[in-house]
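Have a look at structure16.cif; it's mmCIF, C-alpha atoms:
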```cif
data_target
loop_
_atom_site.label_atom_id
_atom_site.label_comp_id
_atom_site.auth_asym_id
_atom_site.auth_seq_id
_atom_site.Cartn_x
_atom_site.Cartn_y
_atom_site.Cartn_z
CA MET C 25 0.00 0.00 0.00
CA ILE C 26 1.15 3.56 -0.76
CA ALA C 27 0.28 5.09 2.59
CA ASN C 28 1.16 8.76 2.14
CA MET C 29 -1.53 10.46 0.05
CA ASP C 30 0.95 13.21 -0.95
CA LYS C 31 2.99 10.54 -2.73
CA GLN C 32 0.01 8.82 -4.31
CA PRO C 33 -0.58 9.56 -8.01
CA HIS C 34 -4.11 10.76 -8.62
CA ILE C 35 -5.99 8.00 -10.45
CA SER C 36 -9.35 7.68 -12.18
CA VAL C 37 -11.44 4.51 -11.97
CA LEU C 38 -13.89 4.21 -14.87
CA MET C 39 -17.06 2.14 -14.97
CA SER C 40 -20.01 2.09 -17.34
CA VAL C 41 -23.26 0.49 -16.20
CA PHE C 42 -26.52 -0.56 -17.83
CA ASN C 43 -29.32 -2.18 -15.82
CA ALA C 44 -27.19 -3.70 -13.08
CA GLU C 45 -29.26 -2.97 -9.98
CA GLU C 46 -28.63 -6.42 -8.50
CA VAL C 47 -24.81 -6.23 -8.60
CA ILE C 48 -23.81 -2.58 -8.86
CA SER C 49 -23.56 -1.96 -5.10
CA ASP C 50 -20.92 -4.67 -4.67
CA ALA C 51 -18.87 -3.24 -7.55
CA ILE C 52 -19.07 0.32 -6.19
CA GLU C 53 -18.21 -0.65 -2.63
CA SER C 54 -15.22 -2.68 -3.76
CA ILE C 55 -13.75 0.56 -5.12
CA LEU C 56 -14.85 2.97 -2.39
CA ASP C 57 -13.39 0.62 0.25
CA GLN C 58 -9.94 0.48 -1.37
CA ASP C 59 -6.86 0.99 0.80
CA TYR C 60 -5.72 3.59 -1.75
CA GLU C 61 -6.99 7.12 -1.13
CA ASN C 62 -6.17 9.48 -3.98
CA PHE C 63 -8.71 8.55 -6.65
CA GLU C 64 -11.86 9.65 -8.40
CA PHE C 65 -14.52 7.15 -9.41
CA LEU C 66 -16.31 8.06 -12.65
CA ILE C 67 -19.42 6.10 -13.55
CA MET C 68 -21.50 6.36 -16.71
CA ASN C 69 -25.13 5.35 -16.40
CA ASP C 70 -25.73 4.16 -19.95
CA ALA C 71 -29.49 4.94 -19.99
CA SER C 72 -30.45 2.27 -17.46
CA THR C 73 -34.16 1.56 -17.12
CA ASP C 74 -34.07 -0.30 -13.78
CA GLY C 75 -33.13 0.93 -10.30
CA THR C 76 -29.49 1.57 -11.18
CA PRO C 77 -29.78 5.41 -11.41
CA SER C 78 -31.22 5.76 -7.89
CA ILE C 79 -28.51 3.49 -6.47
CA LEU C 80 -25.84 5.61 -8.16
CA GLU C 81 -27.40 8.80 -6.81
CA THR C 82 -27.34 7.45 -3.25
CA TYR C 83 -23.66 6.57 -3.42
CA GLN C 84 -22.71 9.83 -5.13
CA THR C 85 -24.45 11.82 -2.38
CA SER C 86 -22.50 10.00 0.33
CA ASP C 87 -19.02 9.97 -1.25
CA SER C 88 -17.49 12.95 -3.05
CA ARG C 89 -15.01 10.74 -4.91
CA MET C 90 -17.87 9.46 -7.06
CA LYS C 91 -18.94 11.36 -10.16
CA VAL C 92 -21.93 10.01 -12.05
CA PHE C 93 -22.72 10.84 -15.68
CA HIS C 94 -25.83 9.90 -17.65
CA ASN C 95 -26.28 9.03 -21.32
CA LYS C 96 -29.69 10.05 -22.64
CA GLU C 97 -29.71 6.92 -24.80
CA ASN C 98 -27.85 3.65 -24.59
CA LEU C 99 -24.52 4.18 -26.38
CA GLY C 100 -22.62 1.07 -25.36
CA LEU C 101 -19.39 0.50 -23.46
CA THR C 102 -16.91 1.90 -25.98
CA VAL C 103 -18.44 5.37 -26.34
CA SER C 104 -19.27 5.53 -22.64
CA LEU C 105 -15.68 4.80 -21.63
CA ASN C 106 -14.32 7.42 -24.00
CA LYS C 107 -16.68 10.00 -22.54
CA LEU C 108 -15.45 9.14 -19.07
CA ILE C 109 -11.81 9.32 -20.15
CA HIS C 110 -12.33 12.85 -21.42
CA ASN C 111 -13.94 13.83 -18.11
CA SER C 112 -11.24 12.22 -15.98
CA LYS C 113 -8.32 13.93 -14.29
CA GLY C 114 -6.20 11.04 -13.06
CA ASN C 115 -2.64 10.32 -14.15
CA ILE C 116 -3.47 6.62 -14.29
CA ILE C 117 -6.74 5.20 -15.63
CA PHE C 118 -8.22 2.05 -14.08
CA ARG C 119 -11.11 -0.04 -15.36
CA GLN C 120 -13.85 -1.66 -13.31
CA ASP C 121 -16.87 -3.55 -14.64
CA ALA C 122 -20.28 -3.16 -13.03
CA ASP C 123 -20.80 -6.88 -12.36
CA ASP C 124 -17.29 -7.53 -11.01
CA THR C 125 -15.46 -6.56 -7.83
CA SER C 126 -11.89 -5.55 -7.07
CA TYR C 127 -9.81 -6.83 -4.18
CA LEU C 128 -9.39 -4.06 -1.61
CA ASN C 129 -5.65 -3.67 -2.30
CA ARG C 130 -6.00 -3.75 -6.07
CA LEU C 131 -5.45 -0.04 -6.74
CA SER C 132 -2.53 0.31 -4.35
CA PHE C 133 -0.79 -2.83 -5.65
CA GLN C 134 -1.08 -1.91 -9.32
CA VAL C 135 -0.04 1.70 -8.70
CA GLN C 136 2.95 0.53 -6.68
CA GLN C 137 4.02 -1.80 -9.48
CA MET C 138 3.66 0.96 -12.06
CA GLN C 139 5.58 3.46 -9.96
CA GLU C 140 8.40 1.16 -8.91
CA LYS C 141 8.87 -0.63 -12.24
CA GLY C 142 7.95 2.12 -14.66
CA TYR C 143 5.02 0.29 -16.25
CA ASN C 144 2.79 2.19 -18.66
CA VAL C 145 0.20 -0.58 -18.80
CA CYS C 146 -0.51 -3.49 -16.49
CA VAL C 147 -3.18 -6.16 -16.00
CA THR C 148 -3.77 -8.81 -13.35
CA LYS C 149 -5.31 -12.23 -12.94
CA ALA C 150 -8.88 -12.64 -11.71
CA LYS C 151 -10.85 -15.23 -9.79
CA VAL C 152 -14.13 -16.40 -11.27
CA LYS C 153 -16.98 -15.54 -8.90
CA GLY C 154 -18.44 -18.57 -7.14
CA SER C 155 -15.47 -20.83 -7.92
CA LYS C 156 -11.77 -21.31 -7.33
CA LYS C 157 -10.94 -20.90 -11.01
CA ALA C 158 -8.53 -18.20 -12.12
CA ARG C 159 -8.70 -16.27 -15.39
CA PRO C 160 -6.76 -16.06 -17.59
CA HIS C 161 -5.56 -19.61 -16.97
CA LEU C 162 -2.74 -21.32 -18.87
CA SER C 163 -2.68 -18.74 -21.65
CA TYR C 164 -1.49 -16.10 -19.17
CA TYR C 165 1.87 -17.87 -18.98
CA LEU C 166 2.40 -17.74 -22.74
CA PRO C 167 3.77 -14.73 -24.67
CA TYR C 168 0.76 -12.45 -25.08
CA LYS C 169 1.68 -11.54 -28.65
CA LEU C 170 1.17 -15.21 -29.50
CA VAL C 171 -2.10 -15.44 -27.57
CA MET C 172 -3.35 -12.25 -29.28
CA LYS C 173 -3.48 -14.18 -32.56
CA LEU C 174 -6.03 -16.57 -31.06
CA LYS C 175 -8.02 -14.60 -28.48
CA ASN C 176 -8.09 -11.65 -26.12
CA PRO C 177 -5.34 -12.49 -23.58
CA PHE C 178 -6.41 -10.19 -20.73
CA ILE C 179 -9.31 -9.30 -18.42
CA HIS C 180 -10.53 -5.82 -19.32
CA GLY C 181 -11.64 -4.97 -15.79
CA THR C 182 -8.09 -5.42 -14.45
CA LEU C 183 -6.55 -2.83 -16.78
CA ALA C 184 -4.48 0.06 -15.45
CA ILE C 185 -2.91 2.43 -17.99
CA ARG C 186 -1.13 5.75 -17.81
CA ARG C 187 -3.27 8.55 -19.14
CA GLU C 188 -0.71 9.81 -21.66
CA THR C 189 -0.32 6.28 -23.03
CA LEU C 190 -4.07 5.86 -23.49
CA LEU C 191 -4.35 9.20 -25.26
CA GLU C 192 -1.35 8.43 -27.45
CA VAL C 193 -3.03 5.33 -28.86
CA GLY C 194 -6.28 7.24 -29.42
CA THR C 195 -8.39 5.86 -26.50
CA TYR C 196 -10.96 3.20 -27.44
CA ASP C 197 -11.74 2.72 -31.13
CA GLU C 198 -15.44 3.57 -31.47
CA ASN C 199 -15.72 1.40 -34.56
CA PHE C 200 -15.60 -1.52 -32.12
CA TYR C 201 -18.91 -1.72 -30.29
CA PHE C 202 -17.66 -4.99 -28.78
CA ALA C 203 -14.09 -6.28 -28.21
CA GLN C 204 -12.98 -2.69 -27.61
CA ASP C 205 -10.37 -3.84 -25.10
CA TYR C 206 -8.95 -6.42 -27.51
CA LYS C 207 -8.58 -3.66 -30.10
CA LEU C 208 -6.92 -1.39 -27.52
CA TYR C 209 -4.36 -4.08 -26.67
CA ALA C 210 -3.65 -4.51 -30.38
CA GLU C 211 -3.05 -0.76 -30.71
CA LEU C 212 -0.74 -0.74 -27.69
CA ILE C 213 1.30 -3.57 -29.17
CA ASN C 214 1.40 -1.80 -32.54
CA LYS C 215 2.75 1.30 -30.80
CA LYS C 216 5.44 -0.83 -29.10
CA TYR C 217 4.05 -0.47 -25.58
CA LYS C 218 4.66 -3.43 -23.33
CA ILE C 219 1.65 -4.79 -21.45
CA HIS C 220 2.93 -6.00 -18.10
CA LYS C 221 1.26 -9.00 -16.53
CA ILE C 222 0.83 -9.13 -12.75
CA TYR C 223 0.38 -12.74 -11.67
CA LYS C 224 -1.40 -11.84 -8.45
CA ILE C 225 -5.21 -12.25 -8.35
CA LEU C 226 -6.72 -8.84 -7.60
CA TYR C 227 -10.16 -9.05 -9.21
CA ASN C 228 -13.37 -11.08 -9.00
CA LEU C 229 -14.80 -11.80 -12.46
CA ASN C 230 -18.44 -12.52 -13.21
CA THR C 231 -18.89 -15.01 -16.06
CA VAL C 232 -22.64 -15.60 -15.73
CA ASN C 233 -25.08 -13.69 -17.94
CA ASN C 234 -22.50 -11.02 -18.73
CA ILE C 235 -21.78 -9.18 -21.97
CA SER C 236 -19.50 -11.92 -23.26
CA THR C 237 -22.15 -14.62 -22.77
CA LYS C 238 -25.23 -12.62 -23.75
CA PHE C 239 -23.65 -11.32 -26.95
CA ALA C 240 -21.26 -14.14 -27.80
CA SER C 241 -21.79 -14.00 -31.58
CA LYS C 242 -21.25 -10.25 -31.66
CA GLN C 243 -18.16 -10.54 -29.50
CA LYS C 244 -16.77 -13.16 -31.87
CA TYR C 245 -17.43 -11.02 -34.94
CA TYR C 246 -15.66 -7.99 -33.48
CA SER C 247 -12.84 -10.13 -32.08
CA ASP C 248 -12.33 -11.65 -35.52
CA CYS C 249 -12.04 -8.13 -36.92
CA VAL C 250 -9.21 -7.43 -34.46
CA LYS C 251 -7.43 -10.63 -35.47
CA LYS C 252 -7.84 -9.85 -39.16
CA LYS C 253 -6.84 -6.20 -38.65
CA LYS C 254 -9.96 -4.92 -40.36
CA LEU C 255 -12.69 -2.48 -39.42
CA PRO C 256 -16.07 -4.00 -38.56
CA ASP C 257 -19.02 -3.46 -40.83
CA LEU C 258 -21.20 -1.17 -38.70
CA ARG C 259 -24.33 -2.59 -40.36
CA PHE C 260 -23.77 -5.66 -38.20
CA ARG C 261 -23.64 -3.85 -34.87
CA ASP C 262 -27.19 -4.82 -34.02
CA PHE C 263 -27.30 -8.26 -35.62
#
```

What is this file in structure tokens?
Amino acid sequence: MIANMDKQPHISVLMSVFNAEEVISDAIESILDQDYENFEFLIMNDASTDGTPSILETYQTSDSRMKVFHNKENLGLTVSLNKLIHNSKGNIIFRQDADDTSYLNRLSFQVQQMQEKGYNVCVTKAKVKGSKKARPHLSYYLPYKLVMKLKNPFIHGTLAIRRETLLEVGTYDENFYFAQDYKLYAELINKKYKIHKIYKILYNLNTVNNISTKFASKQKYYSDCVKKKKLPDLRFRDF
């Protein structure tokens, strides 16, 4: 843990949420309870139609580190994250998904690694909720440039990236409604940035009824576009 707040880089944790009233409180509290102090928590309500907005309002009222934004219509994760990036002030950008939770030392550990070892980008392992399984599994021990040819090698919610690095690669490519993180990793590699893997588990990953399972065919189409280094046909966004 980086104990002295004066020595802590200011960081921004970004989360976009759509209709997640049953899980959003756990995700929020896992960030607000971190042992790291110097952060802002930016959340985009992506036009939720359930009780999510009122939950966000309650937390925002009670904790000044939270800043909630609202899309008037559902724009998806990619656009929502880019909007949050442009409203953020942190030197390091962290991701957090609305149906996952972070270990309470996640921010401090990743910041410490980035500060001490000069990382521009780092990711961690995650534990699958309700099991003892870790993700990524065996592929995490292989060279990620090799794994990239087959699949997305990292868990998006574990990402930490320096702000200037993210801006240098152009933030998230809004042509990619899905697999936006896979495309970002490809851009980082293309720009010769090293993605550092932390082998410690610092994240709880939901794999039940999430974006990857509900929209598997769309995810595959956009992932294939990353592999083939081509832009997706936007006519297929809603297929």

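Taken over the whole file, the PyMOL selection byres ((chain C and resi 161) around 12) covers exactly C:Thr148, C:Lys149, C:Ala150, C:Lys151, C:Val152, C:Lys156, C:Lys157, C:Ala158, C:Arg159, C:Pro160, C:Leu162, C:Ser163, C:Tyr164, C:Tyr165, C:Leu166, C:Val171, C:Pro177, C:Phe178, C:Ile179, C:Tyr223, C:Ile225.
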
Extending 4 Å beyond the listed atoms of region 235-241 of chain C on each side, what axis-aligned box results? I want centre and edge lengths in Å to one decimal, as JSON.
```
{"center_x": -22.4, "center_y": -11.9, "center_z": -26.8, "size_x": 13.7, "size_y": 13.4, "size_z": 17.6}
```

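Running the PyMOL selection byres ((chain C and resi 126-142) around 7) on this file leaves C:Met25, C:Ile26, C:Ser54, C:Ile55, C:Asp57, C:Gln58, C:Asp59, C:Tyr60, C:Asp124, C:Thr125, C:Tyr143, C:Asn144, C:Leu226, C:Tyr227, C:Asn228 selected.
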
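Closest approach to Thr102 (chain C) from the set C:Asp121, C:Asp205, C:Glu211, C:Glu46 is made by C:Asp205, with distances taken over only C-alpha atoms.
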
Q | Residues matched by the PyMOL selection byres ((chain C and resi 231) around 10) as number ranges by chain | A | C: 123-124, 152-154, 228-230, 232-237

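Across the structure, CA of Ala203 (chain C) and CA of Leu174 (chain C) are spaced 13.4 Å apart.
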
(Q) What's around Glu97 (chain C) at 8 Å? Count only C-alpha atoms, leave out sequence neighbours fewer than 2 positions away in its own chain, and write the answer as a ChimeraX atom specification. (A) /C:70-71,95,99

Q: Go ahead and find all residues with at least one atom no further than 9 Å from (-14.0, 7.6, -25.5) in the file's coordinates, using all atoms listed in the file; report them as a ChimeraX atom specification.
A: /C:102-110,194-198

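CA of Ile116 (chain C) is positioned 23.4 Å from CA of Phe202 (chain C).
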
Q: Quote the spacing between CA of Lys207 (chain C) and CA of Met68 (chain C) in Å to one decimal place.
A: 21.1 Å

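Excluding Thr189 (chain C) itself and any same-chain residue fewer than 2 positions from it, the protein and nucleic acid residues within 9 Å of it, counting all atoms listed in the file, are Asn144, Val145, Ile185, Arg186, Arg187, Leu191, Glu192, Val193, Gly194, Thr195, Leu212 and Tyr217 of chain C.
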
What's around Asn43 (chain C) at 8 Å? Count all atoms listed in the file, leave out sequence neighbours fewer than 3 positions away in its own chain, and write the answer as a PDB file with C-alpha atoms, in the coordinates of the input.
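Here's the written file around.pdb:
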```pdb
ATOM      1  CA  SER C  72     -30.450   2.270 -17.460  1.00  0.00           C
ATOM      2  CA  THR C  73     -34.160   1.560 -17.120  1.00  0.00           C
ATOM      3  CA  ASP C  74     -34.070  -0.300 -13.780  1.00  0.00           C
ATOM      4  CA  GLY C  75     -33.130   0.930 -10.300  1.00  0.00           C
ATOM      5  CA  THR C  76     -29.490   1.570 -11.180  1.00  0.00           C
TER       6      THR C  76
END
```
